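Here the structure comes first, spelled out in structure tokens, and everything after it is commentary.
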Amino acid sequence: MKKETILPESRDTAFRDLIIRTPGGENIPTCMQCGICAGSCPVSHEMDYTPRQLVRMIQLGLKKDVLNSNTIWICTTCFSCSVRCPRGIHPTELMETLKPIAVAEGIKNKNAKFDNVFSEVIKKNGRASEFLLISKYSLSEPGMIKQAPFGLSLFSKGKLPLSIDKMENMGELDTIFKLGEKEEEKAETKKNVEGKEPIEKEKGNAEPEAEK
Amino acid sequence: MPENEPTPKKIGVYLCRCGGNISDVVDLQAVAESLKEENVIVNIQDYLCSSAGQEKIKNDIEKGKVDRVVIGSCSPKLHLETFRSMAKKAGLNPNLLEITNIREQASWVHDKESKEGVNSKARGLIKGAVARISSIEALVPLEKKLVDRTLVVGGGIAGITTALELADGHEVILIEKQPYLGGHMIGLSKTFPTLDCSQCILTPKMVAVHNHPGITMFTQTEVAEVNGSPGDYSINLRHSPRYVDIEKCISCGACARKCPSGAIFLPFAQAVPQAYMIDMSKCKNCGACVKVCPRDAITLDAKETTSSVSAGAVTVATGFESIDPSFIEEYNYPAPNLLTAVEFEEMLSAKSKTGMRLQKADGTFPNRVAFVLCAGSRDFTGRGKKHCSKVCCIYSQKQAQLVKKMKEDAEAWIFYIDMRSAGRRFEEFYHHTQEKGVNYVRGKVAEIIPQKDGTHMVQYEDTNLGMKGREIFDMVVLCPALVPSRGTKELADKLGVPTGDDGFIEEKHVKLDPVNTLNQSVFAAGCVLGPKDIHDSVTEGISAAHKVSQFLGKGVILIPPEKPMILECNGCGDCVKACPYNALALEGGKAVLSPLACTGCGICVPVCPIKGIEIRNFTRNQLKAQLKAILGEGSGVIVFIDPYAYAAADIAGVNRRQYSSLIRFVSVPSIHILDADVINAAFEYGASGVMLIEGTTDEKLTSLSDELYKKLKKETRKHKKPLRYSHIETAQYEKLTDLLNVFAAQAGAKAGKRSRKEQANDKDPAGEQG
């Protein structure tokens, strides 16, 4: 991605404040840019911005660059960064905060496809099936054909079972998804501030847990 | 004997805006208004502590307008002495001037509360202070003779400096835990920024300590117990056995040559005292050394001994230790060729076991060395330490220079987060190290993976480039967080000196009183006050010596006059039995107090079955009058607090930790002076809850606190209002504010419930007070 000059108009303080206010984001202002997150990350070399740089960009409110970066989609949620960060920042959780915002903003990223396929499979079966996941993802991502020999070797070793495991009582899962959608719609209609709705949803989830 | 003066008291109330620090939150005008009917003089100033502010009070005293003074300002810990010495100059008994803290305990901690909440608190506190000052006696501090002798704990560079600076004028006892003097400094190689060798500058000082007639030195010695009181301590020392008599040993080395197991040795060539010692874990008890010693200096069955010394002052110079970095899992410490900076240093120092050669585990020179800064420091997650250890940036560069000096084509890499080289000659040192070709990488090392061949793979992000990197090194040196040495907390507790949440000893004032502690007869110097370099440790050693000398030079110590007075006595002896300091005795069937032994803890007050004992200026009636006035300005939670916990509340204020404005502190010398009489009065005057907060670490008192709490709880039960006891040390200001908030909410909820109930019972819709 072409890097731009940071100008006052590229800084969105409302976006910054929103992320910092999200549970898990409160320590972002204390980042000292030590880079232990990026050094620990097994995939940071694939990212256009390392987790450290992403945190810095949030401190500045560079909303466009943050949401367009592939970093949030490449994160494997291994949590090494979160465990080691000396300032108590949780980059892993941060990625989870940013993903729905990017989606709501209509930002397309080829790395987001896998996430979509994954949630589709879960929605339908209640469980992940390696076979379904890989075949569906390969259909939407032509480049995957190159991986076919690897897939075959996995299959021959029994690592890619064809059986599709389905959860019992799928109805319960449907109810959960429907409730979630309803909440999303509600938030959509209430939407005043740009990009606010995914956060509202998160808060709704967090509060009852805190009461326990 | 002070009598109650018949003439009405002329009270002056002086309120300080503190340049907005107070007046931006507290409506001082409203406080002044509320005092209209109190028949007092009220005056508001921008800065009371300024010469103009002090002059105003002084004038009023000198002109006879006032003869008792209440000051509403910052914490008394800051300026009570300032104002009292002014009062003394103006001809007023200094004890007739008191400070009410409306900055650390009001404006700085309630700026998110409702204005009325803060104002009713401020009005209450000031009115309480007026009620108190009008009832107190004009007491004069007691004088006690000082013991002109100092105990210096710790024989590192700070302790050595303090001892040498003091010894020409005062007697000094220097104790050291290790078998030799020199502390960490003797384990250093070259010292930054001049690169002169550590032993060259330290050994002469160690010898001077040993030879000085005014210094008695004990090695392998620790403080076991502290008895007595400030200015007159009796301190029990515990001496571990060395098995070799220091006085007799001439370090001829005959014993070591005979020893079959290498158990007897000289710690290192320049060690002071110059005497051999035995490592009993290696000794086979064969007695060969005993037979060969020409001076009969060896006793194999020597036991731990104790001795007692008296001292008027104590200087704590117990230094630091480096944190064990094995808790940082991703660094895989310990492993061969993965050392701490202290271990690296020792290899090149007087204490070297490699003949001052830098070498790997296999004996060869490391061609690629990495220095990893901030190992376990600057960490706010609770895993490591929050503070910066200050010296690592510079010493790691020095070590890198040494590597390059020993082998020009060797590589030295320094992994840093921020290169901190503030201070004279340090930026130049940084520049010079860069010139030497040391490679600096800005990035905290993420992982150190030991390889099979004894090298280490270091993984990091070069944050200047935003690129991940991996390098293989022959040797990796961790620069771990520096923390107070083991036992600092225990020693501080014995001396009644608070430590901070980082474990270091708290200074009396962070900036203005850096080597005094909150105990007037205890001083501190060096790394026990925080990580620092040799220069700063020496500076503090000299400062501490000056402060000790100033303190001992007075010859007497002033003791607070707030002691028990025995008004009535039936000779039952309960108070004599209860006193933990043996300050009470029965003479002719009556209890008699020896005021100099008394600490004013007040345990005798509630135990007297006929309520015949009161603490001067903290009598039941005086406390009740104060409570009535405080609560007359609106209900709140009364928090009785002792001076140690009071210091925690001050730190909370300085850190702007917000808590409920319902909290009203009432300062008492100790919570043990309280009985159900006073607590019940607080409830009757409208307190929604009462807390007892104790900060002292004196076990003679804290061991009795639970019992006191249970007794008070039982005897105040009829009010059905919450009462709580908590132990909060000075460092625990965060815990304190959390506790205050929880309790204030509890008390508020309970009060709400009660008032609703009462309303329902009375069917009176107008009632709103809880």
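Convention: chains lettered A, B, ... in structure tokens order; per-chain residue numbering from 1; ligands numbered from 1 as shown.
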Residue list for chain B near chain A as number ranges by chain, 8 Å, only C-alpha atoms: B: 378-381, 383-384, 417, 442-447, 459-463, 466-469
Just N, CA and C atoms for this one: save the residues we selected as a PDB file, in the first residue's frame.
ATOM      1  N   ARG B 378       9.911  -1.735  32.999  1.00  0.00           N
ATOM      2  CA  ARG B 378       8.955  -0.931  32.233  1.00  0.00           C
ATOM      3  C   ARG B 378       7.723  -1.758  31.887  1.00  0.00           C
ATOM      4  N   ASP B 379       7.348  -2.615  32.811  1.00  0.00           N
ATOM      5  CA  ASP B 379       6.251  -3.542  32.567  1.00  0.00           C
ATOM      6  C   ASP B 379       5.090  -3.197  33.506  1.00  0.00           C
ATOM      7  N   PHE B 380       3.941  -2.891  32.913  1.00  0.00           N
ATOM      8  CA  PHE B 380       2.800  -2.460  33.726  1.00  0.00           C
ATOM      9  C   PHE B 380       1.729  -3.538  33.819  1.00  0.00           C
ATOM     10  N   THR B 381       2.089  -4.761  33.480  1.00  0.00           N
ATOM     11  CA  THR B 381       1.090  -5.827  33.501  1.00  0.00           C
ATOM     12  C   THR B 381       1.141  -6.620  34.801  1.00  0.00           C
ATOM     13  N   ARG B 383       3.679  -8.531  35.461  1.00  0.00           N
ATOM     14  CA  ARG B 383       4.626  -9.622  35.255  1.00  0.00           C
ATOM     15  C   ARG B 383       6.022  -9.174  35.673  1.00  0.00           C
ATOM     16  N   GLY B 384       6.391  -7.974  35.276  1.00  0.00           N
ATOM     17  CA  GLY B 384       7.713  -7.446  35.639  1.00  0.00           C
ATOM     18  C   GLY B 384       7.560  -6.242  36.560  1.00  0.00           C
ATOM     19  N   ILE B 417      14.850  -0.035  24.003  1.00  0.00           N
ATOM     20  CA  ILE B 417      13.550   0.576  23.655  1.00  0.00           C
ATOM     21  C   ILE B 417      13.750   2.083  23.511  1.00  0.00           C
ATOM     22  N   ARG B 442      16.742  -0.675  17.756  1.00  0.00           N
ATOM     23  CA  ARG B 442      15.623  -0.190  18.560  1.00  0.00           C
ATOM     24  C   ARG B 442      14.476  -1.198  18.490  1.00  0.00           C
ATOM     25  N   GLY B 443      14.334  -1.957  19.555  1.00  0.00           N
ATOM     26  CA  GLY B 443      13.266  -2.959  19.599  1.00  0.00           C
ATOM     27  C   GLY B 443      13.485  -3.861  20.789  1.00  0.00           C
ATOM     28  N   LYS B 444      12.418  -4.168  21.518  1.00  0.00           N
ATOM     29  CA  LYS B 444      12.533  -5.066  22.673  1.00  0.00           C
ATOM     30  C   LYS B 444      12.610  -6.487  22.137  1.00  0.00           C
ATOM     31  N   VAL B 445      13.600  -7.237  22.606  1.00  0.00           N
ATOM     32  CA  VAL B 445      13.778  -8.598  22.110  1.00  0.00           C
ATOM     33  C   VAL B 445      12.541  -9.432  22.449  1.00  0.00           C
ATOM     34  N   ALA B 446      12.048 -10.176  21.437  1.00  0.00           N
ATOM     35  CA  ALA B 446      10.819 -10.945  21.624  1.00  0.00           C
ATOM     36  C   ALA B 446      11.111 -12.354  22.124  1.00  0.00           C
ATOM     37  N   GLU B 447      12.168 -12.959  21.598  1.00  0.00           N
ATOM     38  CA  GLU B 447      12.470 -14.328  21.998  1.00  0.00           C
ATOM     39  C   GLU B 447      13.970 -14.578  21.972  1.00  0.00           C
ATOM     40  N   GLN B 459      15.256 -13.110  18.437  1.00  0.00           N
ATOM     41  CA  GLN B 459      14.247 -12.645  17.489  1.00  0.00           C
ATOM     42  C   GLN B 459      13.685 -11.313  17.969  1.00  0.00           C
ATOM     43  N   TYR B 460      13.503 -10.400  17.041  1.00  0.00           N
ATOM     44  CA  TYR B 460      13.128  -9.036  17.423  1.00  0.00           C
ATOM     45  C   TYR B 460      12.486  -8.333  16.247  1.00  0.00           C
ATOM     46  N   GLU B 461      11.904  -7.176  16.524  1.00  0.00           N
ATOM     47  CA  GLU B 461      11.504  -6.286  15.435  1.00  0.00           C
ATOM     48  C   GLU B 461      12.421  -5.087  15.459  1.00  0.00           C
ATOM     49  N   ASP B 462      13.033  -4.749  14.335  1.00  0.00           N
ATOM     50  CA  ASP B 462      13.738  -3.478  14.234  1.00  0.00           C
ATOM     51  C   ASP B 462      12.658  -2.433  14.030  1.00  0.00           C
ATOM     52  N   THR B 463      12.326  -1.719  15.120  1.00  0.00           N
ATOM     53  CA  THR B 463      11.143  -0.854  15.036  1.00  0.00           C
ATOM     54  C   THR B 463      11.398   0.387  14.186  1.00  0.00           C
ATOM     55  N   GLY B 466      10.424  -1.373  10.969  1.00  0.00           N
ATOM     56  CA  GLY B 466       9.179  -2.137  10.918  1.00  0.00           C
ATOM     57  C   GLY B 466       9.411  -3.514  10.326  1.00  0.00           C
ATOM     58  N   MET B 467      10.644  -4.044  10.511  1.00  0.00           N
ATOM     59  CA  MET B 467      10.973  -5.358   9.955  1.00  0.00           C
ATOM     60  C   MET B 467      11.382  -6.314  11.067  1.00  0.00           C
ATOM     61  N   LYS B 468      10.915  -7.552  10.937  1.00  0.00           N
ATOM     62  CA  LYS B 468      11.290  -8.560  11.922  1.00  0.00           C
ATOM     63  C   LYS B 468      12.698  -9.068  11.604  1.00  0.00           C
ATOM     64  N   GLY B 469      13.471  -9.425  12.645  1.00  0.00           N
ATOM     65  CA  GLY B 469      14.819  -9.912  12.398  1.00  0.00           C
ATOM     66  C   GLY B 469      15.191 -11.062  13.308  1.00  0.00           C
TER      67      GLY B 469
END
All residues 10 Å or closer to region 121-125 of chain A, only C-alpha atoms, same chain fewer than 2 positions away omitted, as a ChimeraX atom specification: /A:116-119,127-130,132-133,136,164-168,170,173-174,177
Region 338-503 of chain B: residues DSSP assigns to strand (DSSP E), reported as JSON, numbers by chain: {"B": [338, 339, 340, 368, 369, 370, 371, 372, 373, 374, 375, 411, 412, 413, 414, 415, 416, 439, 440, 441, 442, 447, 448, 449, 450, 456, 457, 458, 459, 460, 461, 462, 467, 468, 469, 470, 471, 472, 473, 475, 476, 477, 478, 479, 480, 482, 483, 484]}
Option closest in space to Tyr331 (chain B), from B:Ala302, B:Leu586, B:Cys527, B:Val476 [counting only C-alpha atoms]: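 Of all the options, B:Val476 lies closest to Tyr331 (chain B).
If you measure from each of A:Glu183, A:Glu46, A:Asp65, A:Glu96 to Asp115 (chain A) using only C-alpha atoms, the closest one turns out to be A:Glu96.
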Residue contacts of Leu160 (chain A) (8 Å, only C-alpha atoms) excluding same-chain residues fewer than 6 positions away, as a VMD selection string: chain A and resid 130 to 131 151 154
For those residues, write N, CA and C atoms to a file as a tab-separated table (two decimals), in the first residue's frame.
chain	number	residue	atom	x	y	z
A	130	GLU	N	-12.99	-29.23	7.99
A	130	GLU	CA	-11.82	-28.88	7.17
A	130	GLU	C	-12.13	-29.00	5.68
A	131	PHE	N	-12.85	-30.08	5.33
A	131	PHE	CA	-13.13	-30.33	3.93
A	131	PHE	C	-13.98	-29.20	3.33
A	151	GLY	N	-3.23	-30.49	-0.51
A	151	GLY	CA	-4.52	-30.96	-0.03
A	151	GLY	C	-4.64	-32.46	-0.20
A	154	LEU	N	-2.63	-34.26	2.33
A	154	LEU	CA	-3.31	-34.22	3.62
A	154	LEU	C	-4.41	-35.27	3.66
Distance query Asp513 (chain B) at most 12 Å, only C-alpha atoms, self and fewer than 2 positions along chain excluded, as a ChimeraX atom specification: /B:77-78,506-511,515-518,520,523-525,529,540,543-544,547
